[in-house]
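Trainee: Pasting in a structure now, in structure tokens, and then I'll have a few things to ask.
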Amino acid sequence: MVSLVCSLRHHSDEVTCCAFSPSLLATGSGDKTIRVYGTADFSELPYSPLSGHGYGVHCCRFSACGLFLLSCSTDGSCIVWRADTGGVTAALQHPGRSPLRVCALAPDSSLLLAGATDGTVALWDFPSRTLRRCSTVSEASVVACCFSPCGQIFVTGCTQGDLKIWDVDIGFLCSQKDAHDLGVTCCTFAPQFIVDGSCVEFRLASCGQDSLLKIWIVSQREGAAYDMKLLHTLTAQSAPVLSCAFSSDGELVVSGSVDKSVAVYNVNLGTLLHTLKQHDRYVTAVAVSPTSPWIATGSMDRTVNVWRIGDGGDTTAPESKETLCQESVGLRGRLLRKIEALKAEQSSSDAPDEFLCPITRELMKDPVIAADGYSYERESMESWIRGKNKTSPMTNLPLQTTLLTPNRSLRMAITRWKSSQ
């Protein structure tokens, strides 16, 4: 049984990611912020929200010990936060200032990995916060990456659909070409692995634009190359699957889809256990607590739903728990949210999506058309180009020219919409 515990509605734009530590839940959004909640009652912490990114947040992850929180963004940076205070301990920039889509931390917190839209991964020594290397791993955007539970290998997934396995020196080990023929969206290892004599075996979940969730067996025998074999292809969702996560015991895998559903599967049998339908738009993020029976799901509807796996144990009604989440927040957090709410009312909170800049997700004031055919806020696109990004923010393809043409018809439409509000 899976039951809804509460819905968190504090972000002013789509929720893009969520992550659990043993005692906290973090959520990231296109509104450029990360919000942090205590899992005791899912009240927001006094130092939340965390603001430091110039553009939307794509990914957030906790260190295994729960002491650090990582986030990465279109602005090309990966910020390391103290999970107990919300303070910034480091802001690491991709060497080419390429937008970052995903980040991961090794289980022992020795390495930090980030995947970029230019097909590279940047690898930092986490204790010293120094860059070890930045290497090209794909011709397409790297949108998924994860470390194995032993921390000796990592996997990358790209928008071309390939999954590749690498050692921690970014040495190529093996690949699964067209693992998802329309593009990979997420990948994650199960927390456990098996050592049987001279063979080590992991389980890897991946999902993609082909509407499939796949479970793979990744193995290596002593002296032999790594190998990937397909264990299950899970087909319960009818549209692209955007995110996936294992339970702490590796027995369950959860996935979120463009069809607005959340699916919960038995990993060993490859069978569907539950389908959760509470979101109004695409489910973009899922996470499972490492210590408690919680699932968190984030959506383009700007909400994060928290679910309980199992029977009983929590008699608090969803409505009253949500009220508690909203009311038991520190004064500073309340004031910040109120200010943000007022700003959102005056700008982009209810604006049609086509009126929002794809880079900042804010209402455009001076829209321009770029060489890729998309419209952007002039200041944001000029800043993008100055940052040595000569590719389209939407397609990642090279821009044939950096010339920007005013989109007067769109500007007039935005003006008419604003005057009608």
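We label chains A, B, ... in the order they appear in the structure tokens, count residues from 1 in each chain, and number ligands from 1 in the order shown.
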Give one line per residue of region 208-279 of chain A that approaches region 192-203 of chain A to at most 7 Å, naming the two atoms of the closest pair and their distance in Å to one decimal, counting only C-alpha atoms; sort by chain then ascending residue number and deliver it as CSV.

Mentor:
residue,atom,partner,partner_atom,distance
A:Ile215,CA,A:Arg203,CA,6.8
A:Trp216,CA,A:Arg203,CA,5.7
A:Ile217,CA,A:Arg203,CA,4.9
A:Val218,CA,A:Phe202,CA,5.1
A:Ser219,CA,A:Glu201,CA,4.3
A:Gln220,CA,A:Val200,CA,5.5
A:Arg221,CA,A:Cys199,CA,4.3
A:Glu222,CA,A:Ser198,CA,5.3
A:Gly250,CA,A:Gln192,CA,6.6

Trainee: If you keep all heavy atoms, can you produce a file of those selected residues as a JSON list (two decimals), in the first residue's frame?

Mentor:
[["chain", "number", "residue", "atom", "x", "y", "z"],
["A", 215, "ILE", "N", 15.78, -2.42, -16.35],
["A", 215, "ILE", "CA", 16.67, -2.88, -15.28],
["A", 215, "ILE", "C", 17.77, -3.72, -15.92],
["A", 215, "ILE", "O", 17.50, -4.67, -16.67],
["A", 215, "ILE", "CB", 15.92, -3.74, -14.23],
["A", 215, "ILE", "CG1", 14.67, -3.01, -13.72],
["A", 215, "ILE", "CG2", 16.86, -4.09, -13.08],
["A", 215, "ILE", "CD1", 14.95, -1.71, -12.99],
["A", 216, "TRP", "N", 19.02, -3.34, -15.64],
["A", 216, "TRP", "CA", 20.18, -3.99, -16.23],
["A", 216, "TRP", "C", 21.01, -4.69, -15.15],
["A", 216, "TRP", "O", 21.03, -4.23, -14.00],
["A", 216, "TRP", "CB", 21.08, -2.98, -16.93],
["A", 216, "TRP", "CG", 20.41, -2.09, -17.91],
["A", 216, "TRP", "CD1", 19.76, -0.91, -17.64],
["A", 216, "TRP", "CD2", 20.32, -2.27, -19.32],
["A", 216, "TRP", "NE1", 19.27, -0.36, -18.80],
["A", 216, "TRP", "CE2", 19.60, -1.17, -19.85],
["A", 216, "TRP", "CE3", 20.79, -3.25, -20.20],
["A", 216, "TRP", "CZ2", 19.34, -1.02, -21.21],
["A", 216, "TRP", "CZ3", 20.54, -3.12, -21.56],
["A", 216, "TRP", "CH2", 19.82, -2.02, -22.05],
["A", 217, "ILE", "N", 21.67, -5.75, -15.52],
["A", 217, "ILE", "CA", 22.69, -6.36, -14.68],
["A", 217, "ILE", "C", 24.05, -5.94, -15.23],
["A", 217, "ILE", "O", 24.37, -6.23, -16.39],
["A", 217, "ILE", "CB", 22.57, -7.88, -14.63],
["A", 217, "ILE", "CG1", 21.26, -8.29, -13.97],
["A", 217, "ILE", "CG2", 23.76, -8.49, -13.88],
["A", 217, "ILE", "CD1", 21.03, -9.79, -13.93],
["A", 218, "VAL", "N", 24.82, -5.23, -14.43],
["A", 218, "VAL", "CA", 26.17, -4.82, -14.80],
["A", 218, "VAL", "C", 27.13, -5.70, -14.01],
["A", 218, "VAL", "O", 27.07, -5.74, -12.77],
["A", 218, "VAL", "CB", 26.42, -3.33, -14.47],
["A", 218, "VAL", "CG1", 27.85, -2.93, -14.81],
["A", 218, "VAL", "CG2", 25.42, -2.46, -15.22],
["A", 219, "SER", "N", 28.01, -6.41, -14.71],
["A", 219, "SER", "CA", 28.87, -7.36, -14.01],
["A", 219, "SER", "C", 30.28, -7.35, -14.57],
["A", 219, "SER", "O", 30.53, -6.91, -15.70],
["A", 219, "SER", "CB", 28.28, -8.78, -14.12],
["A", 219, "SER", "OG", 28.21, -9.18, -15.48],
["A", 220, "GLN", "N", 31.19, -7.84, -13.75],
["A", 220, "GLN", "CA", 32.57, -8.03, -14.18],
["A", 220, "GLN", "C", 33.18, -9.23, -13.48],
["A", 220, "GLN", "O", 33.05, -9.37, -12.26],
["A", 220, "GLN", "CB", 33.43, -6.80, -13.88],
["A", 220, "GLN", "CG", 34.86, -6.94, -14.44],
["A", 220, "GLN", "CD", 35.85, -6.02, -13.77],
["A", 220, "GLN", "OE1", 35.69, -5.67, -12.61],
["A", 220, "GLN", "NE2", 36.89, -5.64, -14.50],
["A", 221, "ARG", "N", 33.80, -10.08, -14.25],
["A", 221, "ARG", "CA", 34.59, -11.18, -13.70],
["A", 221, "ARG", "C", 36.05, -10.78, -13.66],
["A", 221, "ARG", "O", 36.50, -10.00, -14.51],
["A", 221, "ARG", "CB", 34.42, -12.46, -14.52],
["A", 221, "ARG", "CG", 33.04, -13.05, -14.38],
["A", 221, "ARG", "CD", 32.96, -14.46, -14.92],
["A", 221, "ARG", "NE", 31.65, -15.03, -14.66],
["A", 221, "ARG", "CZ", 31.30, -15.62, -13.53],
["A", 221, "ARG", "NH1", 32.18, -15.73, -12.54],
["A", 221, "ARG", "NH2", 30.08, -16.10, -13.37],
["A", 222, "GLU", "N", 36.76, -11.26, -12.68],
["A", 222, "GLU", "CA", 38.17, -10.89, -12.51],
["A", 222, "GLU", "C", 38.95, -11.12, -13.81],
["A", 222, "GLU", "O", 38.92, -12.20, -14.39],
["A", 222, "GLU", "CB", 38.79, -11.70, -11.38],
["A", 222, "GLU", "CG", 40.20, -11.26, -11.02],
["A", 222, "GLU", "CD", 40.73, -12.00, -9.81],
["A", 222, "GLU", "OE1", 39.97, -12.80, -9.21],
["A", 222, "GLU", "OE2", 41.90, -11.79, -9.46],
["A", 250, "GLY", "N", 16.82, -2.00, -2.40],
["A", 250, "GLY", "CA", 16.96, -2.46, -3.77],
["A", 250, "GLY", "C", 15.83, -3.33, -4.26],
["A", 250, "GLY", "O", 15.88, -3.83, -5.39]]

Trainee: Excluding Ser409 (chain A) and its own-chain neighbours fewer than 2 positions away, which residues fall within 12 Å of it when counting only C-alpha atoms? Please give them as an mmCIF file with all heavy atoms, in the first residue's frame.

Mentor:
data_model
loop_
_atom_site.group_PDB
_atom_site.id
_atom_site.type_symbol
_atom_site.label_atom_id
_atom_site.label_comp_id
_atom_site.auth_asym_id
_atom_site.auth_seq_id
_atom_site.Cartn_x
_atom_site.Cartn_y
_atom_site.Cartn_z
ATOM 1 N N PHE A 355 5.261 32.626 -23.070
ATOM 2 C CA PHE A 355 5.679 33.982 -22.707
ATOM 3 C C PHE A 355 6.904 33.971 -21.788
ATOM 4 O O PHE A 355 7.435 35.024 -21.438
ATOM 5 C CB PHE A 355 4.551 34.732 -22.005
ATOM 6 C CG PHE A 355 3.374 35.054 -22.889
ATOM 7 C CD1 PHE A 355 2.220 35.601 -22.354
ATOM 8 C CD2 PHE A 355 3.416 34.813 -24.258
ATOM 9 C CE1 PHE A 355 1.132 35.902 -23.163
ATOM 10 C CE2 PHE A 355 2.328 35.101 -25.078
ATOM 11 C CZ PHE A 355 1.185 35.645 -24.529
ATOM 12 N N ASP A 366 11.786 41.776 -23.349
ATOM 13 C CA ASP A 366 12.318 42.135 -24.657
ATOM 14 C C ASP A 366 12.658 40.844 -25.402
ATOM 15 O O ASP A 366 13.817 40.478 -25.557
ATOM 16 C CB ASP A 366 13.570 43.006 -24.486
ATOM 17 C CG ASP A 366 14.116 43.513 -25.813
ATOM 18 O OD1 ASP A 366 13.416 43.363 -26.835
ATOM 19 O OD2 ASP A 366 15.245 44.036 -25.828
ATOM 20 N N PRO A 367 11.622 40.128 -25.896
ATOM 21 C CA PRO A 367 11.870 38.835 -26.538
ATOM 22 C C PRO A 367 12.579 38.991 -27.881
ATOM 23 O O PRO A 367 12.289 39.897 -28.659
ATOM 24 C CB PRO A 367 10.466 38.248 -26.718
ATOM 25 C CG PRO A 367 9.558 39.433 -26.756
ATOM 26 C CD PRO A 367 10.183 40.453 -25.845
ATOM 27 N N VAL A 368 13.520 38.087 -28.131
ATOM 28 C CA VAL A 368 14.242 38.063 -29.400
ATOM 29 C C VAL A 368 14.256 36.641 -29.932
ATOM 30 O O VAL A 368 14.172 35.676 -29.170
ATOM 31 C CB VAL A 368 15.698 38.571 -29.237
ATOM 32 C CG1 VAL A 368 15.713 40.051 -28.877
ATOM 33 C CG2 VAL A 368 16.451 37.745 -28.197
ATOM 34 N N ILE A 369 14.382 36.525 -31.264
ATOM 35 C CA ILE A 369 14.452 35.218 -31.902
ATOM 36 C C ILE A 369 15.910 34.908 -32.204
ATOM 37 O O ILE A 369 16.602 35.726 -32.837
ATOM 38 C CB ILE A 369 13.632 35.189 -33.199
ATOM 39 C CG1 ILE A 369 12.176 35.575 -32.926
ATOM 40 C CG2 ILE A 369 13.689 33.793 -33.835
ATOM 41 C CD1 ILE A 369 11.351 35.732 -34.188
ATOM 42 N N SER A 375 12.437 31.792 -29.090
ATOM 43 C CA SER A 375 12.460 33.152 -28.548
ATOM 44 C C SER A 375 12.974 33.142 -27.117
ATOM 45 O O SER A 375 12.618 32.253 -26.319
ATOM 46 C CB SER A 375 11.058 33.773 -28.589
ATOM 47 O OG SER A 375 10.645 33.987 -29.922
ATOM 48 N N THR A 405 17.063 38.650 -33.331
ATOM 49 C CA THR A 405 16.053 39.475 -34.011
ATOM 50 C C THR A 405 14.901 39.751 -33.063
ATOM 51 O O THR A 405 14.340 38.810 -32.489
ATOM 52 C CB THR A 405 15.517 38.740 -35.256
ATOM 53 O OG1 THR A 405 16.614 38.382 -36.100
ATOM 54 C CG2 THR A 405 14.536 39.618 -36.009
ATOM 55 N N PRO A 406 14.511 41.028 -32.885
ATOM 56 C CA PRO A 406 13.380 41.335 -31.994
ATOM 57 C C PRO A 406 12.115 40.606 -32.434
ATOM 58 O O PRO A 406 11.793 40.567 -33.621
ATOM 59 C CB PRO A 406 13.226 42.857 -32.152
ATOM 60 C CG PRO A 406 14.566 43.332 -32.595
ATOM 61 C CD PRO A 406 15.130 42.242 -33.461
ATOM 62 N N ASN A 407 11.420 40.011 -31.471
ATOM 63 C CA ASN A 407 10.148 39.339 -31.746
ATOM 64 C C ASN A 407 9.025 40.282 -31.311
ATOM 65 O O ASN A 407 8.503 40.183 -30.197
ATOM 66 C CB ASN A 407 10.079 38.006 -30.999
ATOM 67 C CG ASN A 407 8.897 37.156 -31.440
ATOM 68 O OD1 ASN A 407 7.914 37.666 -31.977
ATOM 69 N ND2 ASN A 407 8.996 35.855 -31.213
ATOM 70 N N ARG A 411 6.201 40.257 -28.210
ATOM 71 C CA ARG A 411 6.232 41.336 -27.215
ATOM 72 C C ARG A 411 4.856 41.984 -27.083
ATOM 73 O O ARG A 411 4.408 42.279 -25.967
ATOM 74 C CB ARG A 411 7.272 42.366 -27.607
ATOM 75 C CG ARG A 411 7.461 43.473 -26.576
ATOM 76 C CD ARG A 411 8.652 44.341 -26.933
ATOM 77 N NE ARG A 411 8.895 45.350 -25.910
ATOM 78 C CZ ARG A 411 9.952 46.154 -25.891
ATOM 79 N NH1 ARG A 411 10.869 46.059 -26.849
ATOM 80 N NH2 ARG A 411 10.097 47.041 -24.928
ATOM 81 N N MET A 412 4.168 42.203 -28.214
ATOM 82 C CA MET A 412 2.822 42.782 -28.170
ATOM 83 C C MET A 412 1.843 41.839 -27.485
ATOM 84 O O MET A 412 0.992 42.270 -26.711
ATOM 85 C CB MET A 412 2.354 43.095 -29.589
ATOM 86 C CG MET A 412 3.107 44.248 -30.250
ATOM 87 S SD MET A 412 2.640 44.476 -31.979
ATOM 88 C CE MET A 412 0.913 44.911 -31.792
ATOM 89 N N ALA A 413 1.994 40.543 -27.743
ATOM 90 C CA ALA A 413 1.097 39.567 -27.108
ATOM 91 C C ALA A 413 1.294 39.557 -25.592
ATOM 92 O O ALA A 413 0.320 39.460 -24.826
ATOM 93 C CB ALA A 413 1.355 38.177 -27.688
ATOM 94 N N ILE A 414 2.556 39.647 -25.152
ATOM 95 C CA ILE A 414 2.826 39.692 -23.712
ATOM 96 C C ILE A 414 2.247 40.962 -23.094
ATOM 97 O O ILE A 414 1.667 40.929 -22.009
ATOM 98 C CB ILE A 414 4.344 39.602 -23.459
ATOM 99 C CG1 ILE A 414 4.875 38.225 -23.879
ATOM 100 C CG2 ILE A 414 4.673 39.858 -21.983
ATOM 101 C CD1 ILE A 414 6.384 38.098 -23.836
ATOM 102 N N THR A 415 2.391 42.085 -23.807
ATOM 103 C CA THR A 415 1.838 43.363 -23.316
ATOM 104 C C THR A 415 0.329 43.282 -23.164
ATOM 105 O O THR A 415 -0.230 43.723 -22.163
ATOM 106 C CB THR A 415 2.230 44.505 -24.259
ATOM 107 O OG1 THR A 415 3.649 44.593 -24.349
ATOM 108 C CG2 THR A 415 1.667 45.835 -23.770
ATOM 109 N N ARG A 416 -0.329 42.691 -24.161
ATOM 110 C CA ARG A 416 -1.796 42.538 -24.088
ATOM 111 C C ARG A 416 -2.184 41.644 -22.924
ATOM 112 O O ARG A 416 -3.161 41.919 -22.209
ATOM 113 C CB ARG A 416 -2.331 41.978 -25.405
ATOM 114 C CG ARG A 416 -2.344 42.971 -26.553
ATOM 115 C CD ARG A 416 -3.212 42.481 -27.703
ATOM 116 N NE ARG A 416 -2.696 41.242 -28.279
ATOM 117 C CZ ARG A 416 -1.843 41.173 -29.286
ATOM 118 N NH1 ARG A 416 -1.401 42.308 -29.831
ATOM 119 N NH2 ARG A 416 -1.443 40.021 -29.758
#

Trainee: Please determine, counting only C-alpha atoms, which residue among A:His180, A:Lys365, A:Lys229, A:His11 has the shortest atom-to-atom distance to Val36 (chain A).

Mentor: A:His11

Trainee: DSSP says strand (DSSP E or B) for which residues of region 60-227 of chain A? Put them as a PyMOL selection string?

Mentor: chain A and resi 60-62+68-73+77-82+88-93+100-105+111-116+120-125+130-136+142-147+153-158+163-167+172-176+184-196+199-208+213-221+227

Trainee: For those residues, write C-alpha atoms to a file as a compact mmCIF listing (two decimals), in the first residue's frame.

Mentor:
# COMPACT_ATOMS: atom_id res chain seq x y z
CA CYS A 60 20.14 18.02 -6.42
CA ARG A 61 21.82 15.25 -4.44
CA PHE A 62 22.83 14.65 -0.81
CA PHE A 68 26.33 18.10 2.15
CA LEU A 69 23.75 18.97 -0.49
CA LEU A 70 24.74 19.43 -4.14
CA SER A 71 22.87 21.28 -6.87
CA CYS A 72 23.65 22.02 -10.52
CA SER A 73 22.11 24.39 -13.01
CA SER A 77 27.79 25.73 -11.76
CA CYS A 78 27.58 23.01 -9.15
CA ILE A 79 27.05 24.43 -5.65
CA VAL A 80 27.94 22.53 -2.50
CA TRP A 81 25.74 23.50 0.46
CA ARG A 82 25.95 22.60 4.15
CA VAL A 88 27.66 27.54 0.60
CA THR A 89 30.95 25.67 1.00
CA ALA A 90 31.93 25.73 -2.69
CA ALA A 91 30.68 26.89 -6.09
CA LEU A 92 32.33 24.78 -8.78
CA GLN A 93 32.19 25.99 -12.38
CA LEU A 100 25.03 21.29 -16.25
CA ARG A 101 22.12 18.85 -16.37
CA VAL A 102 23.05 16.32 -13.70
CA CYS A 103 25.46 15.76 -10.81
CA ALA A 104 26.45 12.83 -8.61
CA LEU A 105 28.64 12.23 -5.57
CA LEU A 111 34.50 12.46 -6.09
CA LEU A 112 31.94 14.84 -7.54
CA LEU A 113 30.72 14.30 -11.10
CA ALA A 114 28.65 16.63 -13.29
CA GLY A 115 27.29 16.08 -16.81
CA ALA A 116 26.99 18.95 -19.29
CA THR A 120 31.43 16.42 -21.32
CA VAL A 121 31.63 15.33 -17.71
CA ALA A 122 33.61 17.29 -15.14
CA LEU A 123 35.15 15.32 -12.28
CA TRP A 124 36.25 17.04 -9.07
CA ASP A 125 38.13 15.78 -6.04
CA THR A 130 39.72 20.76 -7.17
CA LEU A 131 39.01 19.73 -10.77
CA ARG A 132 40.62 16.39 -11.68
CA ARG A 133 39.62 16.38 -15.33
CA CYS A 134 36.92 17.31 -17.82
CA SER A 135 36.43 14.86 -20.70
CA THR A 136 34.07 14.38 -23.62
CA VAL A 142 24.87 14.23 -20.83
CA VAL A 143 21.60 14.19 -18.89
CA ALA A 144 22.14 11.25 -16.53
CA CYS A 145 25.01 9.96 -14.41
CA CYS A 146 25.47 7.90 -11.25
CA PHE A 147 28.21 6.16 -9.28
CA ILE A 153 32.75 3.03 -11.71
CA PHE A 154 30.11 5.44 -12.94
CA VAL A 155 27.52 5.45 -15.72
CA THR A 156 26.54 8.26 -18.09
CA GLY A 157 23.41 8.56 -20.22
CA CYS A 158 22.88 10.98 -23.10
CA LEU A 163 24.53 4.25 -21.66
CA LYS A 164 28.29 4.12 -21.03
CA ILE A 165 30.32 2.78 -18.10
CA TRP A 166 33.56 4.49 -17.03
CA ASP A 167 36.21 4.07 -14.37
CA PHE A 172 35.89 3.82 -21.01
CA LEU A 173 34.80 0.33 -19.89
CA CYS A 174 31.73 -0.63 -21.92
CA SER A 175 28.52 0.75 -23.43
CA GLN A 176 24.97 -0.13 -24.34
CA VAL A 184 18.11 8.49 -21.86
CA THR A 185 16.53 10.69 -19.18
CA CYS A 186 17.81 9.18 -15.91
CA CYS A 187 19.86 6.29 -14.52
CA THR A 188 20.60 5.01 -11.03
CA PHE A 189 22.31 2.06 -9.36
CA ALA A 190 20.65 -0.07 -6.68
CA PRO A 191 22.40 0.50 -3.31
CA GLN A 192 23.52 -3.15 -3.00
CA PHE A 193 25.90 -5.23 -5.08
CA ILE A 194 26.80 -8.92 -5.08
CA VAL A 195 30.28 -10.43 -4.93
CA ASP A 196 30.29 -14.09 -5.89
CA CYS A 199 32.46 -11.85 -10.06
CA VAL A 200 30.89 -8.56 -8.95
CA GLU A 201 27.33 -7.74 -9.99
CA PHE A 202 25.27 -4.51 -9.82
CA ARG A 203 21.75 -3.59 -10.80
CA LEU A 204 21.18 -0.44 -12.82
CA ALA A 205 17.87 1.24 -13.68
CA SER A 206 17.52 3.54 -16.66
CA CYS A 207 14.58 5.32 -18.25
CA GLY A 208 14.03 7.30 -21.40
CA LEU A 213 12.08 1.74 -17.63
CA LYS A 214 14.83 -0.87 -17.92
CA ILE A 215 16.67 -2.88 -15.28
CA TRP A 216 20.18 -3.99 -16.23
CA ILE A 217 22.69 -6.36 -14.68
CA VAL A 218 26.17 -4.82 -14.80
CA SER A 219 28.87 -7.36 -14.01
CA GLN A 220 32.57 -8.03 -14.18
CA ARG A 221 34.59 -11.18 -13.70
CA ASP A 227 29.25 -6.46 -19.29

Trainee: Could you check how far CA of Lys390 (chain A) sits from CA of Gln160 (chain A), in Å to one decimal?

Mentor: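 These atoms are spaced 20.0 Å apart.
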
Trainee: Could you give me, as a list in words, the residues within 8 Å of region 13-17 of chain A, counting only C-alpha atoms and dropping anything in the same chain fewer than 3 positions from it?

Mentor: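 My list of contacting residues is Thr27, Gly28, Ser29, Gly30, Asp31, Val57, His58, Cys59, Cys60, Thr284, Ala285, Val286, Gly298, Ser299, Met300, Asp301, Arg302, Thr303, Val304, Ser349 and Arg361 of chain A.
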
Trainee: If we count only C-alpha atoms and set the cut-off at 12 Å, which residues sit around Leu276 (chain A), ignoring sequence neighbours fewer than 5 positions away in its own chain? Please answer as an MDAnalysis selection string.

Mentor: chainID A and resid 1:4 236:237 254:257 259:265 283 286 295:297 305:309

Trainee: Mind checking DSSP for region 194-418 of chain A and telling me the helix (DSSP H, G or I) residues as a VMD selection string?

Mentor: chain A and resid 318 to 327 331 to 346 353 to 355 378 to 386 408 to 418

Trainee: Between A:Gly76, A:Pro49, A:Pro149, A:Gly310, which residue has the minimum interatomic distance to Trp384 (chain A), considering only C-alpha atoms?

Mentor: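 Residue with the minimum atom-to-atom distance to Trp384 (chain A): A:Gly76.
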
Trainee: Could you tell me how far CA of Ser110 (chain A) lies from CA of Gln152 (chain A), in Å and to one decimal?

Mentor: 10.8 Å

Trainee: From the list A:Ala83, A:Val267, A:Cys150, A:Val258, which residue is nearest Phe246 (chain A) when using only C-alpha atoms?

Mentor: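 The answer is A:Val267, which sits nearest to Phe246 (chain A).
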
Trainee: At what distance in Å, to one decimal, does CA of Lys177 (chain A) lie from CA of Leu230 (chain A)?

Mentor: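 Separation of CA of Leu230 (chain A) and CA of Lys177 (chain A): 12.4 Å.
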
Trainee: From the options A:Ala239, A:Thr271, A:Val137, A:Gly183, which residue's atoms come nearest to Ile170 (chain A), counting only C-alpha atoms?

Mentor: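 Smallest distance to Ile170 (chain A) is found for A:Val137.
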
Trainee: Which residues are close to Ala19 (chain A), i.e. within 6 Å by only C-alpha atoms, leaving aside same-chain residues fewer than 3 positions away? Reply as a PyMOL selection string.

Mentor: chain A and resi 25-26+61+287

Trainee: Nearest residue to Thr395 (chain A) out of A:Thr159, A:Ser98, A:Thr33, A:Asn266, using only C-alpha atoms?

Mentor: A:Thr159
